[in-house]
Structure formats: structure tokens, C-alpha cells
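For reference, target.cif is printed below; it contains mmCIF, C-alpha atoms.
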```
data_target
#
loop_
_atom_site.label_atom_id
_atom_site.label_comp_id
_atom_site.auth_asym_id
_atom_site.auth_seq_id
_atom_site.Cartn_x
_atom_site.Cartn_y
_atom_site.Cartn_z
CA MET Q 869 63.45 -20.96 154.38
CA ASN Q 870 62.58 -22.04 150.89
CA VAL Q 871 59.48 -23.95 149.94
CA GLU Q 872 61.03 -27.36 149.45
CA ALA Q 873 62.77 -27.31 152.79
CA SER Q 874 59.64 -26.37 154.66
CA ASN Q 875 57.73 -28.97 152.63
CA ALA Q 876 60.11 -31.69 153.75
CA LEU Q 877 59.98 -30.43 157.32
CA ALA Q 878 56.18 -30.44 157.26
CA ILE Q 879 56.09 -34.01 155.97
CA GLY Q 880 58.37 -35.19 158.75
CA LEU Q 881 56.47 -33.36 161.45
CA ILE Q 882 53.09 -34.57 160.22
CA MET Q 883 54.14 -38.19 160.33
CA GLY Q 884 55.93 -37.80 163.64
CA PHE Q 885 53.13 -36.15 165.53
CA GLY Q 886 50.30 -37.68 163.58
CA THR Q 887 51.08 -41.25 164.49
CA LEU Q 888 51.65 -40.48 168.16
CA GLY Q 889 47.98 -40.30 169.11
CA PRO Q 890 46.78 -43.40 167.25
CA ALA Q 891 49.67 -45.46 168.61
CA ILE Q 892 48.77 -44.57 172.19
CA GLY Q 893 45.10 -45.14 171.45
CA ILE Q 894 45.66 -48.56 169.95
CA GLY Q 895 47.81 -49.53 172.91
CA LEU Q 896 45.07 -48.51 175.32
CA ILE Q 897 42.41 -50.36 173.34
CA GLY Q 898 44.53 -53.49 173.24
CA SER Q 899 45.29 -53.41 176.92
CA LYS Q 900 41.65 -52.97 177.88
CA ALA Q 901 40.64 -55.78 175.56
CA LEU Q 902 43.24 -58.11 177.06
CA GLU Q 903 42.08 -57.17 180.51
CA ALA Q 904 38.49 -57.95 179.57
CA VAL Q 905 39.47 -61.32 178.13
CA GLY Q 906 41.39 -62.07 181.29
CA ARG Q 907 38.36 -61.39 183.42
CA ASN Q 908 36.00 -63.37 181.19
CA PRO Q 909 37.78 -65.85 178.92
CA GLU Q 910 34.52 -67.16 177.49
CA ALA Q 911 33.73 -63.89 175.71
CA ASN Q 912 36.96 -64.16 173.73
CA ASP Q 913 35.36 -64.05 170.26
CA LYS Q 914 33.11 -61.08 170.92
CA ILE Q 915 35.83 -59.08 172.58
CA GLN Q 916 38.26 -59.82 169.78
CA THR Q 917 35.83 -58.66 167.13
CA LEU Q 918 35.03 -55.46 169.00
CA MET Q 919 38.71 -54.82 169.60
CA ILE Q 920 39.55 -55.11 165.91
CA LEU Q 921 36.73 -52.73 165.13
CA ALA Q 922 37.91 -50.14 167.66
CA ILE Q 923 41.52 -50.49 166.50
CA ALA Q 924 40.42 -49.80 162.93
CA PHE Q 925 38.75 -46.59 164.05
CA ALA Q 926 41.88 -45.46 165.89
CA GLU Q 927 44.19 -46.47 163.07
CA ALA Q 928 42.16 -44.52 160.53
CA ILE Q 929 43.24 -41.30 162.21
CA GLY Q 930 46.88 -42.24 161.71
CA ILE Q 931 46.10 -43.04 158.09
CA PHE Q 932 44.65 -39.55 157.68
CA ALA Q 933 48.02 -38.12 158.72
CA LEU Q 934 49.76 -40.47 156.31
CA VAL Q 935 47.52 -39.37 153.43
CA VAL Q 936 48.27 -35.71 154.12
CA ALA Q 937 52.00 -36.46 154.17
CA LEU Q 938 51.75 -38.42 150.90
CA ILE Q 939 49.84 -35.61 149.25
CA LEU Q 940 52.45 -33.12 150.37
CA LYS Q 941 55.22 -35.26 149.01
CA PHE Q 942 53.83 -36.39 145.70
CA VAL Q 943 51.49 -33.63 144.63
CA ALA Q 944 53.98 -30.79 144.76
CA MET H 672 67.01 -44.91 142.74
CA ASP H 673 64.30 -43.94 140.33
CA ILE H 674 60.96 -44.45 141.99
CA HIS H 675 57.81 -43.49 140.19
CA ILE H 676 54.85 -43.14 142.52
CA ALA H 677 51.71 -41.32 141.62
CA ILE H 678 48.73 -40.66 143.85
CA ALA H 679 46.42 -39.90 140.95
CA THR H 680 45.69 -42.77 138.64
CA GLU H 681 47.05 -42.65 135.16
CA THR H 682 44.83 -42.59 132.12
CA LEU H 683 45.20 -45.37 129.63
CA GLY H 684 42.91 -44.05 126.97
CA HIS H 685 39.42 -42.95 126.17
CA PHE H 686 36.50 -45.09 125.23
CA LEU H 687 33.13 -43.70 124.19
CA GLY H 688 33.86 -40.47 126.00
CA LEU H 689 34.78 -42.29 129.24
CA THR H 690 38.28 -42.01 130.62
CA ILE H 691 39.78 -45.43 131.18
CA THR H 692 42.28 -45.32 134.01
CA ASN H 693 44.44 -48.22 135.06
CA SER H 694 42.57 -48.76 138.30
CA PHE H 695 39.28 -48.81 136.39
CA LEU H 696 40.64 -51.48 134.10
CA THR H 697 41.82 -53.48 137.10
CA SER H 698 38.46 -53.22 138.79
CA ILE H 699 36.82 -54.62 135.66
CA VAL H 700 39.29 -57.50 135.74
CA VAL H 701 38.58 -58.08 139.44
CA ILE H 702 34.82 -58.12 138.86
CA THR H 703 35.27 -60.54 135.99
CA ILE H 704 37.32 -62.86 138.17
CA ILE H 705 34.75 -62.76 140.97
CA LEU H 706 31.82 -63.34 138.62
CA ALA H 707 33.57 -66.18 136.83
CA TYR H 708 34.44 -67.85 140.12
CA ALA H 709 30.90 -67.42 141.41
CA TYR H 710 29.41 -68.79 138.21
CA PHE H 711 31.60 -71.87 138.03
CA THR H 712 31.24 -72.62 141.72
CA GLY H 713 27.50 -72.13 141.56
CA LYS H 714 27.11 -74.59 138.75
CA SER H 715 28.57 -77.47 140.74
CA LEU H 716 27.04 -76.99 144.16
CA LYS H 717 26.18 -80.23 145.92
CA ILE H 718 24.80 -81.16 149.28
CA LYS H 719 26.75 -84.39 149.67
CA ASN H 720 30.30 -85.02 148.44
CA GLN H 721 31.11 -81.36 148.24
CA SER H 722 34.29 -80.21 146.61
CA LYS H 723 36.91 -78.59 148.82
CA ASN H 724 36.20 -75.31 147.08
CA GLN H 725 32.60 -75.35 148.16
CA THR H 726 33.45 -76.32 151.74
CA ILE H 727 35.85 -73.45 152.22
CA LEU H 728 33.47 -71.01 150.61
CA GLU H 729 30.64 -72.21 152.81
CA LEU H 730 32.81 -71.77 155.89
CA ILE H 731 33.54 -68.15 155.01
CA VAL H 732 29.99 -67.30 154.03
CA MET H 733 28.46 -68.97 157.08
CA TRP H 734 30.90 -67.22 159.39
CA PHE H 735 29.90 -63.87 157.94
CA TYR H 736 26.24 -64.82 158.02
CA SER H 737 26.35 -65.68 161.71
CA LEU H 738 28.25 -62.44 162.37
CA SER H 739 25.55 -60.47 160.54
CA ILE H 740 22.82 -62.25 162.47
CA SER H 741 24.51 -61.41 165.75
CA ILE H 742 24.69 -57.74 164.79
CA LEU H 743 21.61 -57.14 162.67
CA GLY H 744 19.14 -59.84 163.57
CA LYS H 745 17.68 -62.46 161.28
CA LYS H 746 15.16 -60.40 159.37
CA HIS H 747 17.52 -57.65 158.27
CA THR H 748 20.31 -60.06 157.52
CA LYS H 749 18.11 -61.66 154.87
CA ASN H 750 17.71 -58.31 153.18
CA TYR H 751 21.19 -56.90 153.39
CA PHE H 752 23.61 -59.79 153.57
CA SER H 753 24.28 -60.00 149.86
CA ILE H 754 25.45 -56.42 149.45
CA ILE H 755 27.51 -56.55 152.62
CA PHE H 756 29.28 -59.73 151.57
CA SER H 757 29.79 -58.27 148.11
CA PHE H 758 31.59 -55.34 149.71
CA PHE H 759 33.85 -57.78 151.52
CA VAL H 760 34.68 -59.90 148.50
CA PHE H 761 35.22 -56.98 146.13
CA ILE H 762 37.43 -55.05 148.55
CA LEU H 763 39.40 -58.16 149.48
CA ILE H 764 40.17 -59.21 145.92
CA SER H 765 40.89 -55.60 144.93
CA ASN H 766 43.34 -55.18 147.79
CA TRP H 767 45.13 -58.41 147.01
CA PHE H 768 45.25 -57.77 143.30
CA GLY H 769 47.85 -55.08 143.79
CA LEU H 770 50.25 -57.64 145.22
CA LEU H 771 50.28 -59.94 142.21
CA PRO H 772 53.68 -60.17 140.54
CA PHE H 773 52.79 -58.92 137.10
CA VAL H 774 51.04 -55.76 138.27
CA ASN H 775 54.17 -53.67 138.43
CA GLY H 776 55.70 -55.14 135.32
CA ILE H 777 53.24 -54.54 132.54
CA LYS H 778 53.62 -51.04 131.25
CA TYR H 779 52.03 -49.22 128.42
CA THR H 780 52.95 -46.02 126.77
CA PRO H 781 49.87 -43.99 125.92
CA SER H 782 49.44 -42.71 122.42
CA GLY H 783 51.43 -39.62 123.32
CA THR H 784 54.52 -41.89 123.20
CA ILE H 785 57.82 -40.93 124.73
CA GLN H 786 58.62 -37.55 123.39
CA GLU H 787 60.85 -34.90 124.65
CA HIS H 788 59.93 -31.42 123.76
CA THR H 789 63.13 -29.54 124.27
CA ASN H 790 61.25 -26.29 124.68
CA THR H 791 58.94 -27.35 127.47
CA HIS H 792 60.87 -30.37 128.80
CA GLU H 793 57.76 -32.52 128.63
CA LYS H 794 57.97 -36.24 128.57
CA THR H 795 55.18 -38.78 128.43
CA GLU H 796 56.28 -41.83 130.35
CA ALA H 797 55.13 -45.39 130.33
CA VAL H 798 52.35 -46.07 132.81
CA HIS H 799 51.37 -49.22 134.61
CA VAL H 800 48.49 -51.06 133.03
CA PHE H 801 47.19 -52.54 136.27
CA ARG H 802 46.83 -50.96 139.65
CA ALA H 803 44.87 -52.11 142.69
CA PRO H 804 41.42 -50.53 142.40
CA THR H 805 41.22 -49.62 146.05
CA SER H 806 44.49 -47.72 145.86
CA ASP H 807 42.56 -45.12 143.89
CA LEU H 808 40.62 -42.58 145.89
CA ASN H 809 37.81 -42.65 143.33
CA THR H 810 37.00 -46.30 143.98
CA THR H 811 37.11 -46.02 147.75
CA LEU H 812 35.03 -42.84 147.68
CA ALA H 813 32.46 -44.62 145.53
CA LEU H 814 32.36 -47.57 147.91
CA ALA H 815 32.00 -45.24 150.89
CA ILE H 816 29.15 -43.31 149.27
CA ILE H 817 27.36 -46.55 148.38
CA SER H 818 27.77 -47.77 151.94
CA VAL H 819 26.41 -44.61 153.53
CA ILE H 820 23.51 -44.38 151.08
CA LEU H 821 22.72 -48.02 151.87
CA ILE H 822 22.61 -47.15 155.56
CA GLN H 823 20.27 -44.21 154.98
CA TYR H 824 18.05 -46.24 152.66
CA ALA H 825 17.78 -49.09 155.15
CA ALA H 826 16.91 -46.73 157.98
CA ILE H 827 14.27 -44.89 155.95
CA LYS H 828 12.76 -48.16 154.79
CA GLU H 829 12.65 -49.52 158.31
CA LEU H 830 11.69 -46.50 160.38
CA GLY H 831 9.89 -44.29 157.89
CA LEU H 832 11.08 -40.88 156.81
CA ALA H 833 9.45 -38.90 159.63
CA LYS H 834 10.78 -40.99 162.46
CA TYR H 835 14.24 -41.22 160.95
CA SER H 836 14.60 -37.51 160.36
CA SER H 837 13.47 -36.94 163.92
CA LYS H 838 16.78 -38.47 164.90
CA PHE H 839 18.53 -35.56 163.30
CA PHE H 840 16.13 -32.67 163.50
CA ASN H 841 14.32 -32.78 166.80
CA PHE H 842 13.28 -29.38 167.96
CA ARG H 843 10.47 -30.46 170.24
CA VAL H 844 10.40 -28.91 173.66
CA ALA H 845 9.72 -31.81 175.98
CA LYS H 846 9.76 -30.34 179.42
CA LYS H 847 8.32 -27.10 180.59
CA GLY H 848 10.24 -24.10 181.67
CA ILE H 849 13.75 -22.96 181.00
CA MET H 850 15.26 -26.42 181.43
CA GLY H 851 12.96 -27.77 178.73
CA LYS H 852 14.10 -25.11 176.28
CA PHE H 853 17.73 -25.70 177.19
CA GLU H 854 17.34 -29.42 176.64
CA ALA H 855 15.61 -28.88 173.32
CA GLY H 856 18.46 -26.64 172.23
CA ILE H 857 21.01 -29.26 173.13
CA ASN H 858 19.02 -31.99 171.43
CA SER H 859 18.76 -30.07 168.20
CA PHE H 860 22.49 -29.36 168.26
CA VAL H 861 23.26 -33.02 168.85
CA GLY H 862 20.93 -33.93 166.01
CA LEU H 863 22.74 -31.65 163.60
CA LEU H 864 26.03 -33.09 164.79
CA GLU H 865 24.72 -36.55 163.99
CA LEU H 866 23.93 -35.37 160.47
CA LEU H 867 27.48 -34.09 160.13
CA SER H 868 28.84 -37.38 161.41
CA GLU H 869 27.05 -39.17 158.56
CA LEU H 870 29.10 -37.11 156.15
CA THR H 871 32.33 -37.74 158.02
CA LYS H 872 31.57 -41.45 157.75
CA VAL H 873 31.97 -41.13 153.98
CA ILE H 874 35.33 -39.42 154.34
CA SER H 875 36.47 -41.81 157.05
CA PHE H 876 35.54 -44.94 155.04
CA ALA H 877 37.14 -43.62 151.87
CA PHE H 878 40.38 -42.43 153.39
CA ARG H 879 40.88 -45.40 155.67
CA LEU H 880 40.76 -47.84 152.78
CA PHE H 881 42.64 -45.60 150.35
CA GLY H 882 45.34 -44.70 152.86
CA ASN H 883 46.00 -48.28 153.90
CA ILE H 884 46.23 -49.73 150.41
CA PHE H 885 48.06 -46.82 148.77
CA ALA H 886 50.56 -46.63 151.62
CA GLY H 887 51.12 -50.34 151.21
CA GLU H 888 51.91 -49.84 147.55
CA VAL H 889 54.31 -47.01 148.34
CA LEU H 890 55.95 -49.15 151.02
CA ILE H 891 56.50 -52.03 148.64
CA VAL H 892 57.91 -49.78 145.94
CA VAL H 893 60.31 -48.09 148.35
CA ILE H 894 61.47 -51.33 149.94
CA SER H 895 61.96 -52.91 146.53
CA ALA H 896 64.25 -50.04 145.63
CA LEU H 897 66.22 -50.49 148.84
CA THR H 898 66.80 -54.21 149.21
CA TYR H 899 66.79 -57.48 147.34
CA SER H 900 63.60 -59.34 146.56
CA ILE H 901 63.98 -61.62 149.57
CA GLY H 902 63.86 -58.58 151.81
CA THR H 903 60.47 -57.52 150.51
CA LEU H 904 58.91 -60.79 151.62
CA PRO H 905 57.80 -59.65 155.11
CA PHE H 906 56.29 -56.52 153.60
CA PHE H 907 54.23 -58.55 151.17
CA GLY H 908 53.05 -60.58 154.13
CA LEU H 909 52.12 -57.36 155.93
CA GLU H 910 50.21 -56.15 152.90
CA ILE H 911 48.28 -59.40 152.57
CA PHE H 912 47.30 -59.09 156.22
CA VAL H 913 46.40 -55.43 155.92
CA GLY H 914 44.30 -56.07 152.83
CA LEU H 915 42.30 -58.72 154.65
CA ILE H 916 41.86 -56.57 157.75
CA GLN H 917 40.76 -53.52 155.79
CA ALA H 918 38.15 -55.47 153.85
CA PHE H 919 36.88 -56.96 157.10
CA VAL H 920 36.84 -53.58 158.83
CA PHE H 921 34.90 -51.92 156.01
CA THR H 922 32.29 -54.68 156.15
CA MET H 923 32.07 -54.66 159.93
CA LEU H 924 31.70 -50.90 160.10
CA THR H 925 28.96 -50.98 157.50
CA LEU H 926 27.19 -53.67 159.52
CA VAL H 927 27.53 -51.79 162.79
CA PHE H 928 26.37 -48.46 161.35
CA LEU H 929 23.50 -50.27 159.66
CA SER H 930 22.40 -51.82 162.94
CA VAL H 931 22.69 -48.50 164.75
CA SER H 932 20.61 -46.66 162.17
CA ILE H 933 17.92 -49.33 161.96
CA SER H 934 17.45 -49.43 165.71
CA SER H 935 14.59 -47.43 167.10
CA GLU H 936 15.00 -44.21 168.96
CA HIS H 937 16.16 -44.60 172.50
CA SER H 938 17.03 -41.89 174.95
CA HIS H 939 20.74 -41.35 175.47
#
```
Represent the structure from my file as C-alpha cells, please.
Amino acid sequence: MNVEASNALAIGLIMGFGTLGPAIGIGLIGSKALEAVGRNPEANDKIQTLMILAIAFAEAIGIFALVVALILKFVA
Amino acid sequence: MDIHIAIATETLGHFLGLTITNSFLTSIVVITIILAYAYFTGKSLKIKNQSKNQTILELIVMWFYSLSISILGKKHTKNYFSIIFSFFVFILISNWFGLLPFVNGIKYTPSGTIQEHTNTHEKTEAVHVFRAPTSDLNTTLALAIISVILIQYAAIKELGLAKYSSKFFNFRVAKKGIMGKFEAGINSFVGLLELLSELTKVISFAFRLFGNIFAGEVLIVVISALTYSIGTLPFFGLEIFVGLIQAFVFTMLTLVFLSVSISSEHSH
């Protein structure tokens, strides 16, 4: 298998598997946040802020996978 | 479909021994815009009969100020609010600058000019003059390092060097016997892990911001090559949203890490 083919395969696999975890994580965070707002609608602002913060943490991991894929594609 | 995407920023020229890249030039433009806006708004501040400009600005600043007070407390907010809000404004305007219409249009051919060496097949192409500063890993790395050094500085100033380094390097044996030694071993390991997590904060900050903004640029370039200009409209909307969220997240994370590091030692 030549280098370019395995390069392309690696890029596809990285993005496929790398975004799986963060997607599930963000879904879990969102669902827990909605549940918390449902139990206590007055704390809406605080919960929303904390949820955005936690989602940013989880999304950063997906962005790491994206950066590796971009490096593989555009830097040889 | 001839797409030209480069992760590394392109050099525009050299000035006094410094390499001027296109993202560096754009960051100078962004800072000039922010300073000019601040100067002209500051000259006409009023208490009654405020301009709309001032009202909106006060809304944003007061929202951030109350957020900082709720996380940091009043005393520390007075010290650190200005740098934290500066992070927000700089990152926001830098992110949005890459979406302006002329950014992809203005090109410049460096003094190498377009040549084709038939022996080596080398060609110097035209490069973009402007590029969003935060789509360059150098800028985001610099911002991340400043943020983490700010956190360390604030903690050392608040807690004192001895007490702060005892968060990381605590080898004291608290309890007697074998359990005490075991616990001290675990505590020292956790302390070293905390030190490592300070370094990963730098990488996490830098790559989160860089990845989001650079991927947005790549997305827009690819979609522009695929469809008409009306089809890129939702993606520009996405990028505006993502730029705002990333600036907000950078600021919030700095605030939260700052509050965690300033807080006194408590047993986990």
C-alpha cells in the first residue's frame, strides 16, 4: 500500500473515530444540563453557562483530531 | 477545483530582521481597530444622554463584569478584569476578521515573483495579504502562554510561592504508619500530575482556538469551491457563531482556572 493511499486512509479514520467520542460526550452533557434545568428552572443562567463551558472542553478533543487530520493532509 | 490552503502562515516580507507574516499584519490591523474604537468611544462617554454605542458597550462590559464577580469575587475582579476582557475582545475581533469579504481577495506576490524554474519546478505563488490572526498557531499559542502565565502569577501573588508550590510538590507524610506513607506517595503523584495539567492547559487552549478558526477557514474555502455564493451563507453564519463561542470559551476558561488557582488549599 503506497504512502498516499495510507495517508488518505489515515485521514478518514482519524476523523471518523476521533469525532465519535466528543459527539457522545456533548450529547451526554446536553442531556444532563436539560435535565437539571427541568428540575430547577430558576438556575437556567448558571446551568447554561456551565454547560457551554463543559461542551467547549469536550469539543476541544474533537478539534484535536481535526488538527491531526489537517496536518496529515496539508503538510505532506 | 484549485484550492490553496496552507496551515503555516505565509511570509510577506522582512522588516528590521523580523519576519512579517500575513497573520501578523492582520493582528496589527485588528489591534489598531480596537484601539481606535476604544479611543473614540472613550472621548465621548457621558452619564446622561448616552449614545447607542456606549449603551451597547456598557451592556457587554457589565455582563462580563458580573460574570467575573460571580466567579472570582470582587477584589480579584478589580485586578484582573481588564486583561480578561482584552482577551475576549482581541480573540473575538480576530476570529471575525477572517470572515470579512476582502480578506480572501487581496493577494500579493512576494519579491520572489512568479517564476518557474524548469529545472526544479519551483513556483512562487501569490499569497493572501490578510489572514485571521487566530487561524495561526503562533498567535493562539502566544495567547495560551500568556493566559497560563497570568494564572500562575495571580496564584503566586495571592498565595505566596511556598503555599502555591505546596499544591504541586507535597511530600509531607501526614499520618503515621504505612497508610501515611502510602497517602503521601499518592499526594505527591497527584501534585506532579497537576503540574503536568498546567502544561496541557497551554496546548489545549492553543489547539482549541486554532483548530476551530482554521477549520472554519478550510470549510469556507471548500464550500466556496463547491457551490454558489448563496450556498456559503449558512457556513458564514456558523463561523460567526463559532468565533463568538470560542472567544467566550477562552475567556471563561481563563476565569475558571484563575479562580481555581487563587483559591486556598482544600482537601479533596
For this file, the PyMOL selection byres ((chain Q) within 12 of (chain H)) selects which residues, as number ranges by chain? Q: 913-914, 917-944
Explicit residue set for the PyMOL selection byres ((chain H and resi 893) around 12), as a PyMOL selection string: chain H and resi 672-676+886-892+894-900+902-903+906
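Across H:Lys852, H:Phe686, H:Asp807, H:Ser932, the tightest approach to H:Glu865 is made by H:Ser932 when counting only C-alpha atoms.
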Expand the PyMOL selection byres ((chain H and resi 814-829) around 7) into the explicit residue set it covers here, and present it as a list in words.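 Checking the PyMOL selection byres ((chain H and resi 814-829) around 7) against this file, the residues are Thr810, Thr811, Leu812, Ala813, Leu830, Gly831, Leu832, Tyr835, Val873, Phe876, Ala877, Thr925, Leu929, Ser932 and Ile933 of chain H.
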So the first atom is atom CA of H:Glu910 and the second is atom CA of Q:Gly895; what is the distance between them in Å, to one decimal place? 21.2 Å
Which value, in Å to one decimal, gives the distance between atom CA of Q:Leu896 and atom CA of H:Val913?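 Straight-line distance from atom CA of Q:Leu896 to atom CA of H:Val913 works out to 20.6 Å.
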In Å, how far is it from atom CA of H:Lys872 to atom CA of H:Ile762?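 Going from atom CA of H:Lys872 over to atom CA of H:Ile762 covers 17.4 Å.
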Do a neighbour search on stretch 836-839 of chain H at 8 Å with only C-alpha atoms, toss out local chain neighbours closer than 6 positions, and write the hits as a PDB file with C-alpha atoms, keeping the file's coordinate frame.
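And here is the file that came out, out_0.pdb:
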```
ATOM      1  CA  SER H 859      18.760 -30.070 168.200  1.00  0.00           C
ATOM      2  CA  VAL H 861      23.260 -33.020 168.850  1.00  0.00           C
ATOM      3  CA  GLY H 862      20.930 -33.930 166.010  1.00  0.00           C
ATOM      4  CA  LEU H 863      22.740 -31.650 163.600  1.00  0.00           C
ATOM      5  CA  GLU H 865      24.720 -36.550 163.990  1.00  0.00           C
ATOM      6  CA  LEU H 866      23.930 -35.370 160.470  1.00  0.00           C
ATOM      7  CA  GLU H 936      15.000 -44.210 168.960  1.00  0.00           C
TER       8      GLU H 936
END
```
